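Structure file upload_11.tsv; described as TSV, C-alpha atoms and all ligand atoms.
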```tsv
chain	number	residue	atom	x	y	z
A	1	MET	CA	130.39	75.26	68.17
A	2	SER	CA	133.42	73.93	69.87
A	3	LYS	CA	134.85	77.39	69.75
A	4	TYR	CA	131.75	78.72	71.55
A	5	PHE	CA	132.20	76.08	74.24
A	6	HIS	CA	135.76	76.98	74.76
A	7	VAL	CA	135.01	80.64	75.13
A	8	SER	CA	132.19	80.11	77.61
A	9	SER	CA	134.15	77.69	79.72
A	10	PHE	CA	136.99	80.13	79.65
A	11	VAL	CA	134.62	82.84	80.91
A	12	ALA	CA	133.31	80.50	83.61
A	13	LEU	CA	136.83	79.70	84.63
A	14	ALA	CA	137.75	83.36	84.65
A	15	LEU	CA	134.70	84.12	86.83
A	16	MET	CA	135.60	81.34	89.24
A	17	THR	CA	139.18	82.52	89.45
A	18	SER	CA	138.13	86.08	90.04
A	19	THR	CA	135.79	85.20	92.94
A	20	HIS	CA	138.57	83.11	94.37
A	21	ALA	CA	140.98	85.99	93.91
A	22	ALA	CA	138.51	88.36	95.56
A	23	ALA	CA	138.33	86.18	98.68
A	24	ASN	CA	142.10	86.00	98.75
A	25	SER	CA	142.64	89.68	98.24
A	26	HIS	CA	140.25	90.34	101.12
A	27	ASP	CA	142.44	88.17	103.33
A	28	GLU	CA	145.56	89.64	101.84
A	29	SER	CA	144.48	93.14	102.73
A	30	SER	CA	143.58	92.07	106.28
A	31	ILE	CA	147.01	90.42	106.61
A	32	LYS	CA	148.69	93.55	105.30
A	33	ARG	CA	146.75	95.78	107.69
A	34	GLY	CA	147.48	93.34	110.53
A	35	LYS	CA	151.20	93.51	109.84
A	36	TYR	CA	150.95	97.29	110.12
A	37	VAL	CA	148.98	96.96	113.37
A	38	MET	CA	151.84	94.84	114.71
A	39	ASP	CA	154.22	97.66	113.78
A	40	ILE	CA	152.22	100.45	115.41
A	41	GLY	CA	151.74	98.15	118.43
A	42	GLY	CA	155.47	97.46	118.79
A	43	CYS	CA	154.92	93.72	119.39
A	44	VAL	CA	158.36	92.93	117.98
A	45	SER	CA	160.12	95.05	120.63
A	46	CYS	CA	158.94	92.65	123.32
A	47	HIS	CA	158.16	89.39	121.53
A	48	THR	CA	161.19	88.99	119.24
A	49	ASP	CA	164.48	88.28	121.00
A	50	LYS	CA	166.64	90.10	118.45
A	51	LYS	CA	169.62	90.23	120.83
A	52	ASN	CA	169.86	86.44	120.82
A	53	LYS	CA	168.80	86.05	117.18
A	54	GLY	CA	165.41	84.72	118.29
A	55	LYS	CA	162.78	83.93	115.67
A	56	HIS	CA	160.06	86.47	114.75
A	57	LEU	CA	157.57	86.76	117.66
A	58	ALA	CA	158.84	83.61	119.41
A	59	GLY	CA	159.22	85.46	122.74
A	60	GLY	CA	161.86	84.95	125.41
A	61	VAL	CA	162.75	88.63	125.81
A	62	GLY	CA	163.52	89.44	129.46
A	63	LEU	CA	161.73	92.55	130.75
A	64	HIS	CA	163.31	93.91	133.90
A	65	THR	CA	160.93	95.57	136.34
A	66	PRO	CA	161.20	96.53	140.02
A	67	PHE	CA	159.28	93.31	140.71
A	68	GLY	CA	161.63	90.99	138.85
A	69	THR	CA	162.10	89.78	135.28
A	70	PHE	CA	159.22	88.84	133.04
A	71	TYR	CA	159.92	86.70	129.96
A	72	THR	CA	157.64	87.30	127.01
A	73	PRO	CA	155.71	84.33	125.63
A	74	ASN	CA	155.86	82.88	122.16
A	75	ILE	CA	153.01	84.41	120.10
A	76	THR	CA	153.67	82.53	116.86
A	77	PRO	CA	150.89	80.16	115.70
A	78	ASP	CA	152.66	77.07	117.10
A	79	GLU	CA	149.88	74.96	118.61
A	80	LYS	CA	151.86	73.84	121.64
A	81	TYR	CA	154.25	76.67	122.45
A	82	GLY	CA	152.51	79.58	120.77
A	83	ILE	CA	148.93	80.76	120.37
A	84	GLY	CA	148.05	78.59	117.38
A	85	THR	CA	144.92	77.14	118.99
A	86	TRP	CA	143.48	80.50	120.02
A	87	THR	CA	140.31	81.85	118.49
A	88	THR	CA	140.09	85.50	117.46
A	89	GLU	CA	137.79	86.13	120.43
A	90	GLN	CA	140.31	84.65	122.87
A	91	PHE	CA	142.99	86.84	121.34
A	92	ILE	CA	140.84	89.97	121.68
A	93	GLU	CA	140.06	89.06	125.30
A	94	ALA	CA	143.78	88.73	126.07
A	95	MET	CA	144.63	92.03	124.36
A	96	THR	CA	141.80	94.12	125.81
A	97	GLN	CA	141.00	92.45	129.14
A	98	GLY	CA	144.34	90.94	130.09
A	99	VAL	CA	142.69	87.55	130.52
A	100	ALA	CA	144.13	84.28	129.17
A	101	PRO	CA	141.94	81.58	127.55
A	102	ASP	CA	142.13	79.59	130.83
A	103	GLY	CA	140.70	82.60	132.69
A	104	SER	CA	143.92	83.58	134.46
A	105	HIS	CA	145.08	87.20	134.56
A	106	TYR	CA	148.08	88.66	132.79
A	107	PHE	CA	150.68	90.84	134.44
A	108	PRO	CA	150.71	94.41	133.19
A	109	ALA	CA	154.28	93.98	131.91
A	110	PHE	CA	152.11	93.08	128.89
A	111	PRO	CA	150.68	96.52	128.10
A	112	TYR	CA	147.07	95.39	127.63
A	113	THR	CA	146.36	98.44	129.74
A	114	SER	CA	146.87	100.42	126.49
A	115	TYR	CA	145.85	97.71	124.00
A	116	ALA	CA	142.41	97.79	125.65
A	117	LYS	CA	141.89	100.98	123.61
A	118	MET	CA	142.48	99.22	120.28
A	119	THR	CA	139.61	98.91	117.83
A	120	ARG	CA	138.10	95.51	117.13
A	121	GLN	CA	139.01	95.83	113.45
A	122	ASP	CA	142.68	96.43	114.28
A	123	LEU	CA	142.70	93.39	116.56
A	124	VAL	CA	140.98	91.13	114.03
A	125	ASP	CA	143.48	92.18	111.35
A	126	LEU	CA	146.36	91.66	113.79
A	127	LYS	CA	145.18	88.12	114.56
A	128	THR	CA	144.80	87.39	110.83
A	129	TYR	CA	148.42	88.46	110.36
A	130	LEU	CA	149.69	86.52	113.40
A	131	ASP	CA	148.10	83.36	111.96
A	132	THR	CA	150.42	83.69	108.94
A	133	VAL	CA	153.66	83.95	110.90
A	134	GLU	CA	156.06	80.98	110.93
A	135	PRO	CA	155.20	78.76	113.94
A	136	VAL	CA	158.11	78.28	116.32
A	137	ALA	CA	158.15	75.18	118.56
A	138	LYS	CA	159.98	76.71	121.48
A	139	ALA	CA	158.85	77.53	125.01
A	140	ALA	CA	159.71	80.86	126.64
A	141	PRO	CA	161.37	80.82	130.10
A	142	ASP	CA	159.20	81.23	133.22
A	143	HIS	CA	158.94	84.64	134.85
A	144	ASP	CA	161.33	85.38	137.70
A	145	VAL	CA	159.36	87.79	139.86
A	146	SER	CA	158.48	88.37	143.49
A	147	PHE	CA	155.23	89.03	145.36
A	148	PRO	CA	152.63	90.18	144.41
A	149	PHE	CA	153.71	89.75	140.80
A	150	ASN	CA	154.24	86.02	141.15
A	151	VAL	CA	150.57	85.46	141.95
A	152	ARG	CA	148.23	85.77	138.97
A	153	GLU	CA	145.20	85.97	141.27
A	154	GLY	CA	146.77	89.10	142.74
A	155	MET	CA	146.38	90.71	139.35
A	156	MET	CA	142.61	90.74	139.85
A	157	VAL	CA	143.12	93.23	142.66
A	158	TRP	CA	145.69	95.18	140.66
A	159	LYS	CA	143.32	95.38	137.72
A	160	ALA	CA	140.44	96.52	139.89
A	161	LEU	CA	142.65	99.36	141.11
A	162	PHE	CA	144.57	100.40	138.04
A	163	PHE	CA	143.06	98.95	134.87
A	164	ASP	CA	140.60	100.99	132.82
A	165	ASP	CA	139.24	98.76	130.06
A	166	SER	CA	137.01	101.43	128.51
A	167	PRO	CA	137.44	101.66	124.73
A	168	PHE	CA	139.03	104.63	123.00
A	169	LYS	CA	136.60	107.52	122.70
A	170	PRO	CA	137.34	110.00	119.94
A	171	ASP	CA	136.88	113.64	120.87
A	172	PRO	CA	134.35	114.98	118.35
A	173	SER	CA	135.53	118.57	118.90
A	174	LYS	CA	138.94	117.61	117.50
A	175	SER	CA	140.13	116.81	114.00
A	176	GLU	CA	140.33	113.27	112.68
A	177	LYS	CA	144.12	113.65	112.61
A	178	TRP	CA	144.28	114.67	116.28
A	179	ASN	CA	142.07	111.73	117.22
A	180	ARG	CA	144.23	109.30	115.23
A	181	GLY	CA	147.24	110.63	117.15
A	182	ALA	CA	145.41	110.26	120.47
A	183	TYR	CA	144.48	106.68	119.53
A	184	LEU	CA	148.07	105.74	118.67
A	185	VAL	CA	149.68	107.38	121.72
A	186	ASN	CA	147.20	106.03	124.28
A	187	GLY	CA	146.30	102.80	122.48
A	188	PRO	CA	148.37	100.53	120.24
A	189	SER	CA	151.64	102.49	120.34
A	190	HIS	CA	151.35	102.74	124.16
A	191	CYS	CA	153.62	105.81	124.45
A	192	ILE	CA	151.94	106.60	127.77
A	193	GLU	CA	153.24	103.37	129.31
A	194	CYS	CA	156.85	104.61	129.34
A	195	HIS	CA	156.42	108.38	129.28
A	196	SER	CA	154.26	108.58	132.44
A	197	PRO	CA	155.13	108.10	136.13
A	198	ARG	CA	153.92	105.01	138.00
A	199	ASN	CA	152.93	104.40	141.60
A	200	PHE	CA	154.61	101.90	143.92
A	201	MET	CA	152.34	99.12	142.63
A	202	GLY	CA	153.35	99.76	139.06
A	203	GLY	CA	150.05	101.44	138.19
A	204	LEU	CA	150.11	104.37	135.75
A	205	ASP	CA	149.69	107.75	137.42
A	206	THR	CA	146.77	108.73	135.24
A	207	ASP	CA	146.70	112.31	136.56
A	208	ASN	CA	150.17	112.85	135.14
A	209	LEU	CA	150.13	111.07	131.81
A	210	LEU	CA	153.05	111.93	129.48
A	211	THR	CA	154.82	114.07	132.10
A	212	GLY	CA	157.85	111.76	131.86
A	213	GLU	CA	159.39	109.25	134.26
A	214	PRO	CA	162.75	110.29	135.71
A	215	LYS	CA	163.28	106.91	137.41
A	216	SER	CA	162.18	104.22	134.98
A	217	PRO	CA	162.67	100.55	135.96
A	218	LYS	CA	165.61	100.27	133.56
A	219	GLY	CA	167.21	103.33	135.14
A	220	GLU	CA	166.41	105.51	132.15
A	221	LYS	CA	165.32	109.12	132.37
A	222	ILE	CA	162.21	109.22	130.23
A	223	PRO	CA	161.40	112.73	129.05
A	224	SER	CA	158.07	114.53	129.21
A	225	LEU	CA	156.02	114.62	126.00
A	226	LEU	CA	153.89	117.56	127.09
A	227	ASN	CA	153.95	120.72	125.09
A	228	SER	CA	153.21	123.16	127.87
A	229	ASP	CA	155.69	122.36	130.64
A	230	GLY	CA	158.87	123.94	129.29
A	231	SER	CA	160.34	120.47	128.59
A	232	ALA	CA	162.78	119.94	125.74
A	233	PHE	CA	159.97	118.31	123.77
A	234	SER	CA	157.68	121.31	124.21
A	235	LYS	CA	160.04	123.19	121.86
A	236	TRP	CA	159.83	120.60	119.08
A	237	SER	CA	157.89	121.60	115.97
A	238	HIS	CA	155.57	119.15	114.23
A	239	SER	CA	158.22	118.34	111.66
A	240	ASP	CA	160.83	117.86	114.42
A	241	THR	CA	158.50	115.25	115.90
A	242	VAL	CA	157.86	113.50	112.59
A	243	PHE	CA	161.58	113.47	111.78
A	244	GLY	CA	162.62	112.49	115.32
A	245	LEU	CA	160.22	109.55	115.44
A	246	GLN	CA	161.19	108.41	111.95
A	247	MET	CA	164.98	108.81	112.15
A	248	GLY	CA	165.60	108.81	115.90
A	249	MET	CA	167.27	112.20	115.90
A	250	THR	CA	166.39	115.22	118.03
A	251	PRO	CA	166.41	118.81	116.73
A	252	ASP	CA	169.77	119.24	118.54
A	253	GLY	CA	171.26	116.38	116.54
A	254	ASP	CA	171.31	113.88	119.42
A	255	PHE	CA	170.29	110.30	118.75
A	256	LEU	CA	167.47	108.82	120.76
A	257	GLY	CA	168.61	105.61	122.36
A	258	GLY	CA	167.83	103.09	125.08
A	259	SER	CA	164.34	101.70	124.98
A	260	MET	CA	163.28	104.54	122.65
A	261	GLY	CA	165.77	103.14	120.14
A	262	LYS	CA	163.67	99.96	120.02
A	263	VAL	CA	160.48	101.99	119.71
A	264	ILE	CA	161.95	103.84	116.72
A	265	ALA	CA	163.26	100.65	115.10
A	266	ASN	CA	160.09	98.61	115.56
A	267	THR	CA	157.25	101.13	115.88
A	268	THR	CA	157.54	104.77	114.86
A	269	GLY	CA	160.23	104.13	112.22
A	270	LYS	CA	157.72	101.86	110.46
A	271	MET	CA	154.77	104.24	110.67
A	272	THR	CA	153.36	106.03	107.66
A	273	GLU	CA	154.11	109.72	107.46
A	274	GLU	CA	150.38	110.31	107.96
A	275	ASP	CA	150.41	108.51	111.32
A	276	LEU	CA	153.56	110.34	112.43
A	277	LYS	CA	151.89	113.63	111.56
A	278	ALA	CA	148.85	112.53	113.55
A	279	ILE	CA	151.06	111.90	116.60
A	280	ALA	CA	152.74	115.28	116.09
A	281	THR	CA	149.32	116.93	115.90
A	282	TYR	CA	148.14	115.27	119.09
A	283	LEU	CA	151.30	115.79	121.13
A	284	GLY	CA	152.75	118.91	119.65
A	285	LYS	CA	150.06	121.45	119.28
A	286	PRO	CA	149.70	123.69	122.29
A	287	ASP	CA	146.15	122.96	123.23
A	288	LYS	CA	144.75	123.97	126.58
A	289	LYS	CA	142.07	121.31	126.44
A	290	LYS	CA	144.39	118.32	126.13
A	291	THR	CA	143.64	116.13	129.14
A	292	ALA	CA	147.14	115.39	130.38
A	293	ALA	CA	148.38	118.94	129.83
A	294	SER	CA	145.35	120.62	131.33
A	295	LYS	CA	145.56	118.39	134.38
A	296	ILE	CA	149.14	119.50	135.00
A	297	GLU	CA	148.18	123.12	134.55
A	298	LYS	CA	145.35	122.69	136.99
A	299	SER	CA	147.51	121.00	139.61
A	300	GLN	CA	150.19	123.66	139.19
A	301	SER	CA	147.81	126.57	139.48
A	302	GLY	CA	146.11	124.88	142.42
A	303	SER	CA	149.32	124.50	144.47
A	401	LIG	C1	156.26	95.95	126.77
A	401	LIG	C2	156.39	94.59	126.32
A	401	LIG	C3	155.27	93.98	125.49
A	401	LIG	C4	154.74	94.45	124.30
A	401	LIG	C5	155.08	95.75	123.59
A	401	LIG	C6	153.81	93.45	123.86
A	401	LIG	N1	153.74	92.41	124.75
A	401	LIG	FE1	152.61	90.76	124.57
A	401	LIG	N2	153.20	90.17	126.43
A	401	LIG	C7	154.19	90.74	127.18
A	401	LIG	C8	154.38	89.98	128.41
A	401	LIG	C9	155.38	90.28	129.50
A	401	LIG	C10	153.44	88.93	128.37
A	401	LIG	C11	153.22	87.87	129.45
A	401	LIG	C12	152.24	88.36	130.49
A	401	LIG	C13	152.00	87.36	131.59
A	401	LIG	O1	152.62	86.29	131.62
A	401	LIG	O2	151.14	87.62	132.45
A	401	LIG	C14	152.73	89.08	127.11
A	401	LIG	C15	151.72	88.22	126.70
A	401	LIG	C16	151.08	88.29	125.47
A	401	LIG	C17	150.07	87.36	125.02
A	401	LIG	C18	149.56	86.15	125.79
A	401	LIG	C19	150.30	84.94	125.30
A	401	LIG	C20	150.03	83.67	126.06
A	401	LIG	O3	150.66	82.66	125.71
A	401	LIG	O4	149.26	83.65	127.02
A	401	LIG	C21	149.69	87.76	123.77
A	401	LIG	C22	148.66	87.11	122.88
A	401	LIG	C23	150.47	88.93	123.44
A	401	LIG	N3	151.30	89.23	124.49
A	401	LIG	C24	150.36	89.59	122.24
A	401	LIG	C25	151.01	90.79	121.98
A	401	LIG	C26	150.80	91.56	120.77
A	401	LIG	C27	149.95	91.14	119.62
A	401	LIG	C28	151.56	92.68	120.90
A	401	LIG	C29	151.64	93.88	119.96
A	401	LIG	C30	150.38	94.54	119.67
A	401	LIG	C31	152.23	92.60	122.19
A	401	LIG	N4	151.88	91.44	122.80
A	401	LIG	C32	153.10	93.55	122.67
A	401	LIG	C33	154.88	91.88	126.85
A	401	LIG	C34	154.63	92.69	125.75
A	402	LIG	C1	159.70	101.36	126.09
A	402	LIG	C2	159.59	102.70	126.61
A	402	LIG	C3	159.17	103.80	125.63
A	402	LIG	C4	158.06	103.82	124.83
A	402	LIG	C5	156.99	102.75	124.65
A	402	LIG	C6	158.08	105.09	124.16
A	402	LIG	N1	159.17	105.82	124.54
A	402	LIG	FE1	159.71	107.66	123.82
A	402	LIG	N2	161.38	107.63	124.96
A	402	LIG	C7	161.77	106.62	125.80
A	402	LIG	C8	163.08	106.91	126.34
A	402	LIG	C9	163.87	106.05	127.30
A	402	LIG	C10	163.46	108.15	125.79
A	402	LIG	C11	164.79	108.89	126.02
A	402	LIG	C12	165.73	108.45	124.93
A	402	LIG	C13	167.07	109.11	125.00
A	402	LIG	O1	167.21	110.09	125.73
A	402	LIG	O2	167.98	108.65	124.29
A	402	LIG	C14	162.37	108.58	124.93
A	402	LIG	C15	162.38	109.76	124.20
A	402	LIG	C16	161.35	110.20	123.38
A	402	LIG	C17	161.33	111.46	122.67
A	402	LIG	C18	162.40	112.53	122.72
A	402	LIG	C19	161.95	113.64	123.64
A	402	LIG	C20	163.04	114.56	124.07
A	402	LIG	O3	162.73	115.52	124.79
A	402	LIG	O4	164.21	114.34	123.72
A	402	LIG	C21	160.16	111.51	121.97
A	402	LIG	C22	159.65	112.62	121.07
A	402	LIG	C23	159.45	110.28	122.26
A	402	LIG	N3	160.20	109.50	123.11
A	402	LIG	C24	158.21	109.98	121.75
A	402	LIG	C25	157.56	108.76	121.94
A	402	LIG	C26	156.33	108.39	121.30
A	402	LIG	C27	155.54	109.28	120.37
A	402	LIG	C28	156.05	107.13	121.71
A	402	LIG	C29	154.91	106.24	121.26
A	402	LIG	C30	154.90	105.99	119.82
A	402	LIG	C31	157.09	106.71	122.62
A	402	LIG	N4	157.99	107.72	122.74
A	402	LIG	C32	157.12	105.48	123.25
A	402	LIG	C33	161.05	105.46	126.08
A	402	LIG	C34	159.87	105.07	125.45
```
Using the file provided, produce a representation of the structure as structure tokens.
Ligand code: HEC
Ligand code: HEC
Amino acid sequence: MSKYFHVSSFVALALMTSTHAAANSHDESSIKRGKYVMDIGGCVSCHTDKKNKGKHLAGGVGLHTPFGTFYTPNITPDEKYGIGTWTTEQFIEAMTQGVAPDGSHYFPAFPYTSYAKMTRQDLVDLKTYLDTVEPVAKAAPDHDVSFPFNVREGMMVWKALFFDDSPFKPDPSKSEKWNRGAYLVNGPSHCIECHSPRNFMGGLDTDNLLTGEPKSPKGEKIPSLLNSDGSAFSKWSHSDTVFGLQMGMTPDGDFLGGSMGKVIANTTGKMTEEDLKAIATYLGKPDKKKTAASKIEKSQSGS
């Protein structure tokens, strides 16, 4: 009799533990996915001040632009200096609309212009992960920028002109792999933000996406990522692209440096092989229908 009791209470205990474990493992998998979303989104490149041994995601990185220097905020869950009091909805609003919980507008030095394309699931997982990061009680420096980038209200006008908040639309005529690559390049991994020219107001030249930027704000020559313009990249094979983005080495044996070095360290170097292949499929395959490429072809044949 007592043996029976023991067994049944053991079973009850085991059942209780397993439901508990199930809830945890659900969270655990969201945290794990969220950590990966942080990697594909390159948050560390801008929000961890590695040069000055800053803490994980505690901000303070200076971003130099033609309009001045922006300092990235602390996005750890510290309640005073970080985003510890934010709800998931407030986080999603910031990431996809560029709007802070107090209703003010963010400067596009924060690439919400690309993050607007991120799926809700990715953003929810990312927030779940961010909630688990060590809180850091440290304020980031104020921005040091000139007009119109010192006026948050001015960003309303900027956004009306240059910000497209429409979600990512997969192209049903393309493979799942191609669409995953398109999502990464134009969404979380925001490759377009550096590899495209900008107008005098800092807006992306959307007719010339991925054609490169010879005069980037940091003085870097950013190469074209089109496959049809005779650029160096247009000669890369799919495996050159996968290898280059993983190891930071070009087919000629040169190392990719500058701000791409950070992208490789924090973003593409942490991607799964599957995601790198998806990027290679999207960027590398000569495909007349690809928006950016076909726009160039059109403008060239028209002139
Ligand atoms: C290219 C640099 C850059 C990258 C990459 C970047 N951010 Fe930021 N982020 C900024 C800047 C700059 C601001 C401040 C904008 C402002 O003050 O208007 C900011 C602001 C924020 C804010 C608002 C914080 C607050 O206190 O109001 C959040 C949240 C945020 N970023 C999250 C992220 C996440 C998550 C990622 C990765 C998916 C990311 N950022 C990647 C530059 C970046
Ligand atoms: C912060 C700006 C920035 C971002 C974001 C960025 N890149 Fe780059 N990229 C550069 C710079 C700068 C170079 C040139 C590096 C050099 O010459 O050492 C470069 C070079 C490259 C090259 C080498 C091309 C060639 O012809 O040599 C490839 C491929 C590339 N990037 C792919 C990507 C992909 C894919 C993404 C998105 C996952 C991305 N980049 C995001 C700045 C950026």
### Query
What do you get as a PyMOL selection string if you pick all residues at most 7 Å from ligand LIG 401 (chain A), counting all atoms listed in the file?
chain A and resi 37-38+41-43+45-47+63+70-75+82-83+91+94-95+100+105-111+126+188
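Each of A:Thr69, A:Ser104, A:Ser259, A:Gln121 was compared to His143 of chain A using all atoms listed in the file, and A:Thr69 turns out to be the nearest.
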### Message
I'd like to know which of A:Val124, A:Met247, A:Leu209, A:Val185 is closest to ligand LIG 402 (chain A), using all atoms listed in the file.
### Response
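Closest candidate: A:Val185.
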### Task
Pick out the closest residue to ligand LIG 402 (chain A) from this set: A:Glu193, A:Asp252, A:Asp207, A:Glu273. Count only C-alpha atoms and all ligand atoms.
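Using only C-alpha atoms and all ligand atoms, ligand LIG 402 (chain A) sits closest to A:Glu193.
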Go through chain A and flag each residue having an atom no more than 7 Å from ligand LIG 402 (chain A); for those, report the closest pair of atoms plus their distance in Å to one decimal, using all atoms listed in the file, ordered by chain and rising number, as a Markdown table.
```
| residue | atom | partner | partner_atom | distance |
| --- | --- | --- | --- | --- |
| A:Leu184 | CA | A:LIG402 | C30 | 6.9 |
| A:Val185 | CA | A:LIG402 | C29 | 5.4 |
| A:Ser189 | CA | A:LIG402 | C30 | 4.8 |
| A:His190 | CA | A:LIG402 | C5 | 5.7 |
| A:Cys191 | CA | A:LIG402 | C29 | 3.5 |
| A:Ile192 | CA | A:LIG402 | C32 | 7.0 |
| A:Glu193 | CA | A:LIG402 | C5 | 6.0 |
| A:Cys194 | CA | A:LIG402 | C2 | 4.3 |
| A:His195 | CA | A:LIG402 | N1 | 6.0 |
| A:Glu220 | CA | A:LIG402 | C9 | 5.5 |
| A:Lys221 | CA | A:LIG402 | C9 | 6.1 |
| A:Ile222 | CA | A:LIG402 | C8 | 4.6 |
| A:Pro223 | CA | A:LIG402 | O3 | 5.3 |
| A:Ser224 | CA | A:LIG402 | O3 | 6.5 |
| A:Leu225 | CA | A:LIG402 | C22 | 6.4 |
| A:Ser231 | CA | A:LIG402 | O3 | 6.7 |
| A:Ala232 | CA | A:LIG402 | O3 | 4.5 |
| A:Phe233 | CA | A:LIG402 | O3 | 4.1 |
| A:Thr241 | CA | A:LIG402 | C22 | 5.9 |
| A:Gly244 | CA | A:LIG402 | C22 | 6.5 |
| A:Leu245 | CA | A:LIG402 | C22 | 6.4 |
| A:Thr250 | CA | A:LIG402 | O4 | 6.2 |
| A:Phe255 | CA | A:LIG402 | O2 | 6.2 |
| A:Leu256 | CA | A:LIG402 | O2 | 3.6 |
| A:Gly257 | CA | A:LIG402 | O2 | 3.7 |
| A:Gly258 | CA | A:LIG402 | C9 | 5.4 |
| A:Ser259 | CA | A:LIG402 | C1 | 4.8 |
| A:Met260 | CA | A:LIG402 | C7 | 4.1 |
| A:Val263 | CA | A:LIG402 | C6 | 5.9 |
| A:Thr267 | CA | A:LIG402 | C30 | 6.7 |
| A:Thr268 | CA | A:LIG402 | C30 | 5.7 |
| A:Ile279 | CA | A:LIG402 | C27 | 6.4 |
```
### Task
Provide the atom CA of Leu161 of chain A to atom CA of Asp205 of chain A distance in Å, to one decimal place.
11.6 Å
### Message
Excluding Trp178 of chain A and its own-chain neighbours fewer than 5 positions away, which residues fall within 7 Å of it when counting only C-alpha atoms? Please give them as a ChimeraX atom specification.
### Response
/A:278,281-282
#### Entry: Using all atoms listed in the file: which of A:Gly98, A:Gly202, A:Gly284, A:Gly34 has the shortest distance to Thr128 of chain A
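Closest to Thr128 of chain A of all the choices is A:Gly34.
When atom CA of Arg33 of chain A is paired with atom CA of Gly60 of chain A, their separation reads 25.7 Å.
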### Task
Find, counting all atoms listed in the file, the residue in A:Thr272, A:Asn266, A:Thr132, A:Ser175 that gets nearest to Pro77 of chain A.
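Comparing A:Thr272, A:Asn266, A:Thr132, A:Ser175 against Pro77 of chain A, the winner is A:Thr132.
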### Message
I'd like the interatomic distance between atom CA of Lys262 of chain A and atom CA of Lys51 of chain A, to a tenth of an Å.
### Response
11.4 Å
### Query
Of the candidates A:Asp122, A:Glu153, A:Asp78, A:Asp171, which one gets nearest to Val136 of chain A if we count only C-alpha atoms?
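Looking only at the distances to Val136 of chain A, the closest residue turns out to be A:Asp78.
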### Query
Within 7 Å of Ala116 of chain A, counting only C-alpha atoms, which residues qualify if same-chain residues fewer than 3 places away don't, as JSON, numbers by chain?
{"A": [95, 96, 97, 112, 113, 165, 167]}
Could you save those same residues with C-alpha atoms as a short mmCIF file (atom, residue, chain, number, x, y, z; two decimals), in the frame of the given file?
```cif
data_model
loop_
_atom_site.label_atom_id
_atom_site.label_comp_id
_atom_site.auth_asym_id
_atom_site.auth_seq_id
_atom_site.Cartn_x
_atom_site.Cartn_y
_atom_site.Cartn_z
CA MET A 95 144.63 92.03 124.36
CA THR A 96 141.80 94.12 125.81
CA GLN A 97 141.00 92.45 129.14
CA TYR A 112 147.07 95.39 127.63
CA THR A 113 146.36 98.44 129.74
CA ASP A 165 139.24 98.76 130.06
CA PRO A 167 137.44 101.66 124.73
#
```
How would segment 30-38 of chain A read, as a compact mmCIF listing (two decimals), keeping the file's coordinate frame, once N, CA, C and O atoms are built in?
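As written to disk, result16.txt reads:
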```txt
# COMPACT_ATOMS: atom_id res chain seq x y z
N SER A 30 143.65 92.16 104.82
CA SER A 30 143.58 92.07 106.28
C SER A 30 144.96 91.71 106.84
O SER A 30 145.40 92.25 107.86
N ILE A 31 145.67 90.81 106.16
CA ILE A 31 147.01 90.42 106.61
C ILE A 31 147.95 91.63 106.56
O ILE A 31 148.70 91.89 107.49
N LYS A 32 147.83 92.38 105.48
CA LYS A 32 148.69 93.55 105.30
C LYS A 32 148.39 94.59 106.38
O LYS A 32 149.31 95.15 106.99
N ARG A 33 147.11 94.82 106.61
CA ARG A 33 146.75 95.78 107.69
C ARG A 33 147.23 95.25 109.04
O ARG A 33 147.72 95.99 109.87
N GLY A 34 147.08 93.94 109.25
CA GLY A 34 147.48 93.34 110.53
C GLY A 34 148.97 93.46 110.77
O GLY A 34 149.39 93.69 111.91
N LYS A 35 149.75 93.34 109.71
CA LYS A 35 151.20 93.51 109.84
C LYS A 35 151.49 94.95 110.30
O LYS A 35 152.34 95.18 111.16
N TYR A 36 150.75 95.89 109.73
CA TYR A 36 150.95 97.29 110.12
C TYR A 36 150.50 97.53 111.57
O TYR A 36 151.13 98.27 112.32
N VAL A 37 149.43 96.84 111.98
CA VAL A 37 148.98 96.96 113.37
C VAL A 37 150.06 96.42 114.31
O VAL A 37 150.34 97.00 115.36
N MET A 38 150.72 95.34 113.90
CA MET A 38 151.84 94.84 114.71
C MET A 38 152.92 95.92 114.84
O MET A 38 153.47 96.12 115.92
```
